[in-house]
Amino acid sequence: MDLNLTGKRALVTGSSAGLGEATVRLLAAEGAAVVVHGRDEERAERVAREIREAGGTAIAVVGELADDDAATEVARAALTDGPIDILVNNAGFYRHVSWAEASPDEWRDTYNVNVVSGVRMIRHLVPAMRERGWGRVITIGGGLASQPMDAHPQYNATLAARHNLAVSLARELKGTGVTSNVVSPGAILVEATKELVTGIGPARGWGRTWEEIHRNAVDALIPNDQERFGMPDEIAAAVAYLCGEHAQYVSGATLRVDGGLIRSAF
């Protein structure tokens, strides 16, 4: 399937590692010129360089999105080589804390990084998409938005806000040629996830080898129809579809990529 992304420019926030890195690499392979964003210059430059070495077009932009002025500079740098047609709001963070440990400051910090940072980039980049009559905004959400757990409540709530703002934006962009959608991953096997489950697995009786720990961790933590963790490339593929011409009639939607973890028909 040709997604017709040649000639488009895409900014993927938080794309120097993990899901964002997989996404920016796939968009580049599909022909888009990409902006690799991160807070670590060496990592962001490495990803951009490897994309160029593979025949793609990429630049790296480094900066903090949780501050108004710094986010403005990120947007300015991203626009250096031309307009941004595709914005993937992927950057975010959370700490593993309980309700008792999640102070009001923790809630404020998490909301600023996970929600307001995305709003900053939308405000900087989407008005020009509207003027040109074409654009894509993809927000990376998560199943915890609709099926929250007791741990890290501040993170669960920000995912719900990300889903909500993406749909509100779709309504705002009615008739403009710009779409706004959510890709909602399940538990994805990035390096941090593997380190976590291998670290706690033996003590929880999940086994000693990765094969044993993987199987038992899925059963204990994320029971799903595919009986495994998802892979970053699977999230990237969903994002790429929503960026392409074939998804012009998809807006205000949530595309779940979770192996059936969320038990809901809607």
# chains A, B, ... in the order shown; residues from 1 in each chain; ligands from 1
>>> closest_atom_pairs(of="stretch 9-38 of chain A", to="stretch 113-121 of chain A", cutoff="12 Å", atoms="only C-alpha atoms", output="tab-separated table")
residue	atom	partner	partner_atom	distance
A:Leu11	CA	A:Met121	CA	9.8
A:Val12	CA	A:Met121	CA	10.6
A:Thr13	CA	A:Gly118	CA	8.8
A:Gly14	CA	A:Gly118	CA	11.0
>>> write_last_selection(atoms="C-alpha atoms", output="CSV table (one decimal), in the first residue's frame")
chain,number,residue,atom,x,y,z
A,11,LEU,CA,7.5,15.8,13.5
A,12,VAL,CA,7.3,12.9,16.0
A,13,THR,CA,7.8,14.2,19.5
A,14,GLY,CA,9.9,11.9,21.8
>>> residues_around(residues="stretch 93-108 of chain A", least_positions_apart="3", cutoff="7 Å", atoms="only C-alpha atoms", output="PyMOL selection string")
chain A and resi 111-112+114+151-155
>>> select_by_dssp(residues="stretch 40-205 of chain A", states="alpha helix (DSSP H)", output="ChimeraX atom specification")
/A:41-53,68-78,104-111,117-132,153-172,191-200
>>> residues_around(residues="stretch 57-69 of chain A", least_positions_apart="6", cutoff="6 Å", atoms="only C-alpha atoms", output="PyMOL selection string")
chain A and resi 33-39+41+44-45+48+113+117
>>> closest_residue(among="A:Leu221, A:Arg123, A:Val257, A:Thr179", to="A:Val197", atoms="only C-alpha atoms")
A:Leu221
>>> residues_around(residues="A:Gly260", least_positions_apart="4", cutoff="10 Å", atoms="only C-alpha atoms", output="mmCIF file with N, CA, C and O atoms, in the first residue's frame")
data_model
loop_
_atom_site.group_PDB
_atom_site.id
_atom_site.type_symbol
_atom_site.label_atom_id
_atom_site.label_comp_id
_atom_site.auth_asym_id
_atom_site.auth_seq_id
_atom_site.Cartn_x
_atom_site.Cartn_y
_atom_site.Cartn_z
ATOM 1 N N GLY A 186 -1.343 -1.020 23.674
ATOM 2 C CA GLY A 186 -1.367 -1.805 24.892
ATOM 3 C C GLY A 186 0.022 -1.788 25.493
ATOM 4 O O GLY A 186 0.744 -0.796 25.394
ATOM 5 N N ILE A 222 -1.007 -8.412 31.662
ATOM 6 C CA ILE A 222 -1.698 -7.889 30.470
ATOM 7 C C ILE A 222 -2.349 -9.015 29.674
ATOM 8 O O ILE A 222 -2.038 -9.214 28.492
ATOM 9 N N PRO A 223 -3.248 -9.772 30.258
ATOM 10 C CA PRO A 223 -3.872 -10.868 29.502
ATOM 11 C C PRO A 223 -4.577 -10.339 28.253
ATOM 12 O O PRO A 223 -5.436 -9.466 28.346
ATOM 13 N N ASN A 224 -4.178 -10.850 27.095
ATOM 14 C CA ASN A 224 -4.763 -10.374 25.848
ATOM 15 C C ASN A 224 -4.891 -11.528 24.864
ATOM 16 O O ASN A 224 -4.309 -12.597 25.056
ATOM 17 N N ASP A 225 -5.636 -11.311 23.820
ATOM 18 C CA ASP A 225 -5.958 -12.374 22.879
ATOM 19 C C ASP A 225 -4.750 -12.880 22.097
ATOM 20 O O ASP A 225 -4.753 -14.015 21.609
ATOM 21 N N GLN A 226 -3.730 -12.061 21.962
ATOM 22 C CA GLN A 226 -2.533 -12.476 21.228
ATOM 23 C C GLN A 226 -1.484 -13.107 22.145
ATOM 24 O O GLN A 226 -0.471 -13.615 21.663
ATOM 25 N N GLU A 227 -1.706 -13.036 23.447
ATOM 26 C CA GLU A 227 -0.867 -13.684 24.458
ATOM 27 C C GLU A 227 0.595 -13.265 24.365
ATOM 28 O O GLU A 227 1.515 -14.082 24.470
ATOM 29 N N ARG A 256 -7.119 1.143 18.519
ATOM 30 C CA ARG A 256 -6.473 0.373 19.586
ATOM 31 C C ARG A 256 -5.545 -0.671 18.977
ATOM 32 O O ARG A 256 -5.936 -1.433 18.096
ATOM 33 N N SER A 264 -13.661 -4.210 25.344
ATOM 34 C CA SER A 264 -14.789 -3.353 25.013
ATOM 35 C C SER A 264 -15.059 -3.413 23.528
ATOM 36 O O SER A 264 -14.120 -3.483 22.728
#
>>> closest_residue(among="A:Gly177, A:Glu211, A:Gly205, A:Gly252", to="A:Leu165", atoms="only C-alpha atoms")
A:Gly252
>>> residues_around(residues="A:Trp134", least_positions_apart="2", cutoff="10 Å", atoms="only C-alpha atoms", output="list in words")
Asp85, Ile86, Val126, Ala128, Met129, Arg130, Glu131, Arg132, Arg136, Thr176, Gly177, Val178, Thr179 and Gln248 of chain A
>>> write_last_selection(atoms="N, CA and C atoms", output="tab-separated table (two decimals), in the first residue's frame")
chain	number	residue	atom	x	y	z
A	85	ASP	N	3.58	18.83	8.00
A	85	ASP	CA	2.28	18.32	7.56
A	85	ASP	C	1.69	17.31	8.53
A	86	ILE	N	2.56	16.64	9.28
A	86	ILE	CA	2.15	15.56	10.18
A	86	ILE	C	2.76	15.80	11.55
A	126	VAL	N	-0.61	23.35	13.87
A	126	VAL	CA	-1.85	23.00	13.19
A	126	VAL	C	-2.49	24.16	12.44
A	128	ALA	N	-1.22	26.27	10.45
A	128	ALA	CA	-0.70	26.28	9.07
A	128	ALA	C	-1.22	25.08	8.28
A	129	MET	N	-1.43	23.95	8.93
A	129	MET	CA	-2.04	22.80	8.25
A	129	MET	C	-3.43	23.19	7.76
A	130	ARG	N	-4.17	23.85	8.64
A	130	ARG	CA	-5.53	24.27	8.28
A	130	ARG	C	-5.50	25.20	7.06
A	131	GLU	N	-4.56	26.12	7.04
A	131	GLU	CA	-4.46	27.05	5.91
A	131	GLU	C	-4.13	26.33	4.60
A	132	ARG	N	-3.30	25.28	4.68
A	132	ARG	CA	-2.92	24.54	3.47
A	132	ARG	C	-3.97	23.53	3.06
A	136	ARG	N	-2.23	16.03	9.37
A	136	ARG	CA	-2.52	14.90	10.24
A	136	ARG	C	-1.98	15.19	11.64
A	176	THR	N	-11.65	21.04	7.17
A	176	THR	CA	-10.38	21.70	6.84
A	176	THR	C	-9.42	20.82	6.05
A	177	GLY	N	-9.67	19.51	5.98
A	177	GLY	CA	-8.72	18.59	5.38
A	177	GLY	C	-7.68	18.09	6.35
A	178	VAL	N	-7.77	18.52	7.60
A	178	VAL	CA	-6.85	18.09	8.65
A	178	VAL	C	-7.59	17.13	9.57
A	179	THR	N	-6.99	15.98	9.86
A	179	THR	CA	-7.63	15.00	10.74
A	179	THR	C	-6.87	14.90	12.06
A	248	GLN	N	-8.07	9.48	5.03
A	248	GLN	CA	-8.66	10.82	5.01
A	248	GLN	C	-10.06	10.84	5.62
>>> closest_residue(among="A:Gly20, A:Gly55, A:Gly135, A:Gly7", to="A:Cys243", atoms="only C-alpha atoms")
A:Gly135
>>> select_by_dssp(residues="stretch 124-245 of chain A", states="strand (DSSP E)", output="PyMOL selection string")
chain A and resi 135-140+178-185
>>> closest_residue(among="A:Arg76, A:Arg228, A:Arg25, A:Arg9", to="A:Ala54", atoms="only C-alpha atoms")
A:Arg25
>>> closest_residue(among="A:Gly31, A:Pro127, A:Pro185, A:Gly175", to="A:Leu144", atoms="only C-alpha atoms")
A:Pro185
>>> closest_residue(among="A:Ala170, A:Leu19, A:Ala265, A:Ala236", to="A:Leu189", atoms="only C-alpha atoms")
A:Leu19
>>> atom_distance(atom1="atom CA of A:Ala70", atom2="atom CA of A:Asn181")
25.6 Å
>>> decode(residues="stretch 137-173 of chain A", atoms="N, CA and C atoms", output="PDB file, in the first residue's frame")
ATOM      1  N   VAL A 137      -2.826  14.965  12.625  1.00  0.00           N
ATOM      2  CA  VAL A 137      -2.395  15.013  14.019  1.00  0.00           C
ATOM      3  C   VAL A 137      -2.714  13.666  14.636  1.00  0.00           C
ATOM      4  N   ILE A 138      -1.691  12.991  15.096  1.00  0.00           N
ATOM      5  CA  ILE A 138      -1.856  11.684  15.736  1.00  0.00           C
ATOM      6  C   ILE A 138      -1.407  11.816  17.186  1.00  0.00           C
ATOM      7  N   THR A 139      -2.285  11.472  18.094  1.00  0.00           N
ATOM      8  CA  THR A 139      -1.953  11.490  19.512  1.00  0.00           C
ATOM      9  C   THR A 139      -1.770  10.059  19.990  1.00  0.00           C
ATOM     10  N   ILE A 140      -0.656   9.787  20.645  1.00  0.00           N
ATOM     11  CA  ILE A 140      -0.436   8.462  21.215  1.00  0.00           C
ATOM     12  C   ILE A 140      -1.078   8.426  22.600  1.00  0.00           C
ATOM     13  N   GLY A 141      -2.094   7.579  22.725  1.00  0.00           N
ATOM     14  CA  GLY A 141      -2.806   7.449  23.988  1.00  0.00           C
ATOM     15  C   GLY A 141      -2.453   6.146  24.666  1.00  0.00           C
ATOM     16  N   GLY A 142      -3.477   5.440  25.152  1.00  0.00           N
ATOM     17  CA  GLY A 142      -3.230   4.169  25.808  1.00  0.00           C
ATOM     18  C   GLY A 142      -4.491   3.612  26.430  1.00  0.00           C
ATOM     19  N   GLY A 143      -4.496   2.295  26.620  1.00  0.00           N
ATOM     20  CA  GLY A 143      -5.667   1.631  27.176  1.00  0.00           C
ATOM     21  C   GLY A 143      -6.027   2.078  28.574  1.00  0.00           C
ATOM     22  N   LEU A 144      -5.038   2.589  29.324  1.00  0.00           N
ATOM     23  CA  LEU A 144      -5.317   3.060  30.684  1.00  0.00           C
ATOM     24  C   LEU A 144      -6.210   4.295  30.694  1.00  0.00           C
ATOM     25  N   ALA A 145      -6.417   4.909  29.532  1.00  0.00           N
ATOM     26  CA  ALA A 145      -7.341   6.039  29.454  1.00  0.00           C
ATOM     27  C   ALA A 145      -8.766   5.603  29.768  1.00  0.00           C
ATOM     28  N   SER A 146      -9.142   4.408  29.306  1.00  0.00           N
ATOM     29  CA  SER A 146     -10.512   3.929  29.499  1.00  0.00           C
ATOM     30  C   SER A 146     -10.599   2.799  30.518  1.00  0.00           C
ATOM     31  N   GLN A 147      -9.486   2.170  30.825  1.00  0.00           N
ATOM     32  CA  GLN A 147      -9.461   1.044  31.760  1.00  0.00           C
ATOM     33  C   GLN A 147      -8.306   1.266  32.750  1.00  0.00           C
ATOM     34  N   PRO A 148      -8.428   2.285  33.612  1.00  0.00           N
ATOM     35  CA  PRO A 148      -7.319   2.651  34.487  1.00  0.00           C
ATOM     36  C   PRO A 148      -7.064   1.614  35.568  1.00  0.00           C
ATOM     37  N   MET A 149      -5.820   1.629  36.055  1.00  0.00           N
ATOM     38  CA  MET A 149      -5.444   0.757  37.158  1.00  0.00           C
ATOM     39  C   MET A 149      -5.211   1.598  38.406  1.00  0.00           C
ATOM     40  N   ASP A 150      -4.965   0.930  39.528  1.00  0.00           N
ATOM     41  CA  ASP A 150      -4.819   1.674  40.775  1.00  0.00           C
ATOM     42  C   ASP A 150      -3.486   2.406  40.862  1.00  0.00           C
ATOM     43  N   ALA A 151      -2.444   1.890  40.201  1.00  0.00           N
ATOM     44  CA  ALA A 151      -1.125   2.518  40.254  1.00  0.00           C
ATOM     45  C   ALA A 151      -1.057   3.714  39.307  1.00  0.00           C
ATOM     46  N   HIS A 152      -0.070   4.569  39.511  1.00  0.00           N
ATOM     47  CA  HIS A 152       0.172   5.823  38.785  1.00  0.00           C
ATOM     48  C   HIS A 152      -1.112   6.471  38.266  1.00  0.00           C
ATOM     49  N   PRO A 153      -1.997   6.868  39.185  1.00  0.00           N
ATOM     50  CA  PRO A 153      -3.278   7.451  38.771  1.00  0.00           C
ATOM     51  C   PRO A 153      -3.108   8.737  37.973  1.00  0.00           C
ATOM     52  N   GLN A 154      -2.045   9.473  38.252  1.00  0.00           N
ATOM     53  CA  GLN A 154      -1.808  10.732  37.534  1.00  0.00           C
ATOM     54  C   GLN A 154      -1.549  10.482  36.054  1.00  0.00           C
ATOM     55  N   TYR A 155      -0.926   9.363  35.753  1.00  0.00           N
ATOM     56  CA  TYR A 155      -0.653   9.005  34.350  1.00  0.00           C
ATOM     57  C   TYR A 155      -1.934   8.537  33.667  1.00  0.00           C
ATOM     58  N   ASN A 156      -2.699   7.672  34.344  1.00  0.00           N
ATOM     59  CA  ASN A 156      -3.963   7.211  33.777  1.00  0.00           C
ATOM     60  C   ASN A 156      -4.830   8.390  33.340  1.00  0.00           C
ATOM     61  N   ALA A 157      -4.919   9.396  34.217  1.00  0.00           N
ATOM     62  CA  ALA A 157      -5.790  10.544  33.957  1.00  0.00           C
ATOM     63  C   ALA A 157      -5.288  11.357  32.762  1.00  0.00           C
ATOM     64  N   THR A 158      -3.972  11.474  32.620  1.00  0.00           N
ATOM     65  CA  THR A 158      -3.470  12.245  31.478  1.00  0.00           C
ATOM     66  C   THR A 158      -3.723  11.524  30.164  1.00  0.00           C
ATOM     67  N   LEU A 159      -3.707  10.197  30.169  1.00  0.00           N
ATOM     68  CA  LEU A 159      -4.042   9.472  28.945  1.00  0.00           C
ATOM     69  C   LEU A 159      -5.490   9.749  28.541  1.00  0.00           C
ATOM     70  N   ALA A 160      -6.392   9.766  29.528  1.00  0.00           N
ATOM     71  CA  ALA A 160      -7.784  10.081  29.214  1.00  0.00           C
ATOM     72  C   ALA A 160      -7.896  11.481  28.623  1.00  0.00           C
ATOM     73  N   ALA A 161      -7.128  12.419  29.161  1.00  0.00           N
ATOM     74  CA  ALA A 161      -7.147  13.787  28.633  1.00  0.00           C
ATOM     75  C   ALA A 161      -6.610  13.834  27.209  1.00  0.00           C
ATOM     76  N   ARG A 162      -5.567  13.052  26.917  1.00  0.00           N
ATOM     77  CA  ARG A 162      -5.017  13.023  25.563  1.00  0.00           C
ATOM     78  C   ARG A 162      -6.061  12.513  24.570  1.00  0.00           C
ATOM     79  N   HIS A 163      -6.769  11.435  24.934  1.00  0.00           N
ATOM     80  CA  HIS A 163      -7.827  10.922  24.054  1.00  0.00           C
ATOM     81  C   HIS A 163      -8.885  11.996  23.829  1.00  0.00           C
ATOM     82  N   ASN A 164      -9.292  12.643  24.903  1.00  0.00           N
ATOM     83  CA  ASN A 164     -10.365  13.620  24.830  1.00  0.00           C
ATOM     84  C   ASN A 164      -9.985  14.812  23.960  1.00  0.00           C
ATOM     85  N   LEU A 165      -8.779  15.344  24.151  1.00  0.00           N
ATOM     86  CA  LEU A 165      -8.392  16.528  23.378  1.00  0.00           C
ATOM     87  C   LEU A 165      -8.256  16.207  21.894  1.00  0.00           C
ATOM     88  N   ALA A 166      -7.844  14.977  21.570  1.00  0.00           N
ATOM     89  CA  ALA A 166      -7.704  14.603  20.169  1.00  0.00           C
ATOM     90  C   ALA A 166      -9.052  14.592  19.460  1.00  0.00           C
ATOM     91  N   VAL A 167     -10.089  14.126  20.145  1.00  0.00           N
ATOM     92  CA  VAL A 167     -11.426  14.113  19.547  1.00  0.00           C
ATOM     93  C   VAL A 167     -11.976  15.528  19.450  1.00  0.00           C
ATOM     94  N   SER A 168     -11.755  16.332  20.495  1.00  0.00           N
ATOM     95  CA  SER A 168     -12.184  17.729  20.441  1.00  0.00           C
ATOM     96  C   SER A 168     -11.519  18.454  19.284  1.00  0.00           C
ATOM     97  N   LEU A 169     -10.234  18.184  19.076  1.00  0.00           N
ATOM     98  CA  LEU A 169      -9.518  18.812  17.962  1.00  0.00           C
ATOM     99  C   LEU A 169     -10.103  18.387  16.618  1.00  0.00           C
ATOM    100  N   ALA A 170     -10.479  17.127  16.498  1.00  0.00           N
ATOM    101  CA  ALA A 170     -11.098  16.663  15.254  1.00  0.00           C
ATOM    102  C   ALA A 170     -12.362  17.454  14.947  1.00  0.00           C
ATOM    103  N   ARG A 171     -13.166  17.725  15.983  1.00  0.00           N
ATOM    104  CA  ARG A 171     -14.386  18.506  15.771  1.00  0.00           C
ATOM    105  C   ARG A 171     -14.040  19.937  15.352  1.00  0.00           C
ATOM    106  N   GLU A 172     -13.014  20.494  15.953  1.00  0.00           N
ATOM    107  CA  GLU A 172     -12.586  21.847  15.623  1.00  0.00           C
ATOM    108  C   GLU A 172     -12.107  21.948  14.168  1.00  0.00           C
ATOM    109  N   LEU A 173     -11.525  20.861  13.662  1.00  0.00           N
ATOM    110  CA  LEU A 173     -10.934  20.870  12.322  1.00  0.00           C
ATOM    111  C   LEU A 173     -11.900  20.411  11.234  1.00  0.00           C
TER     112      LEU A 173
END
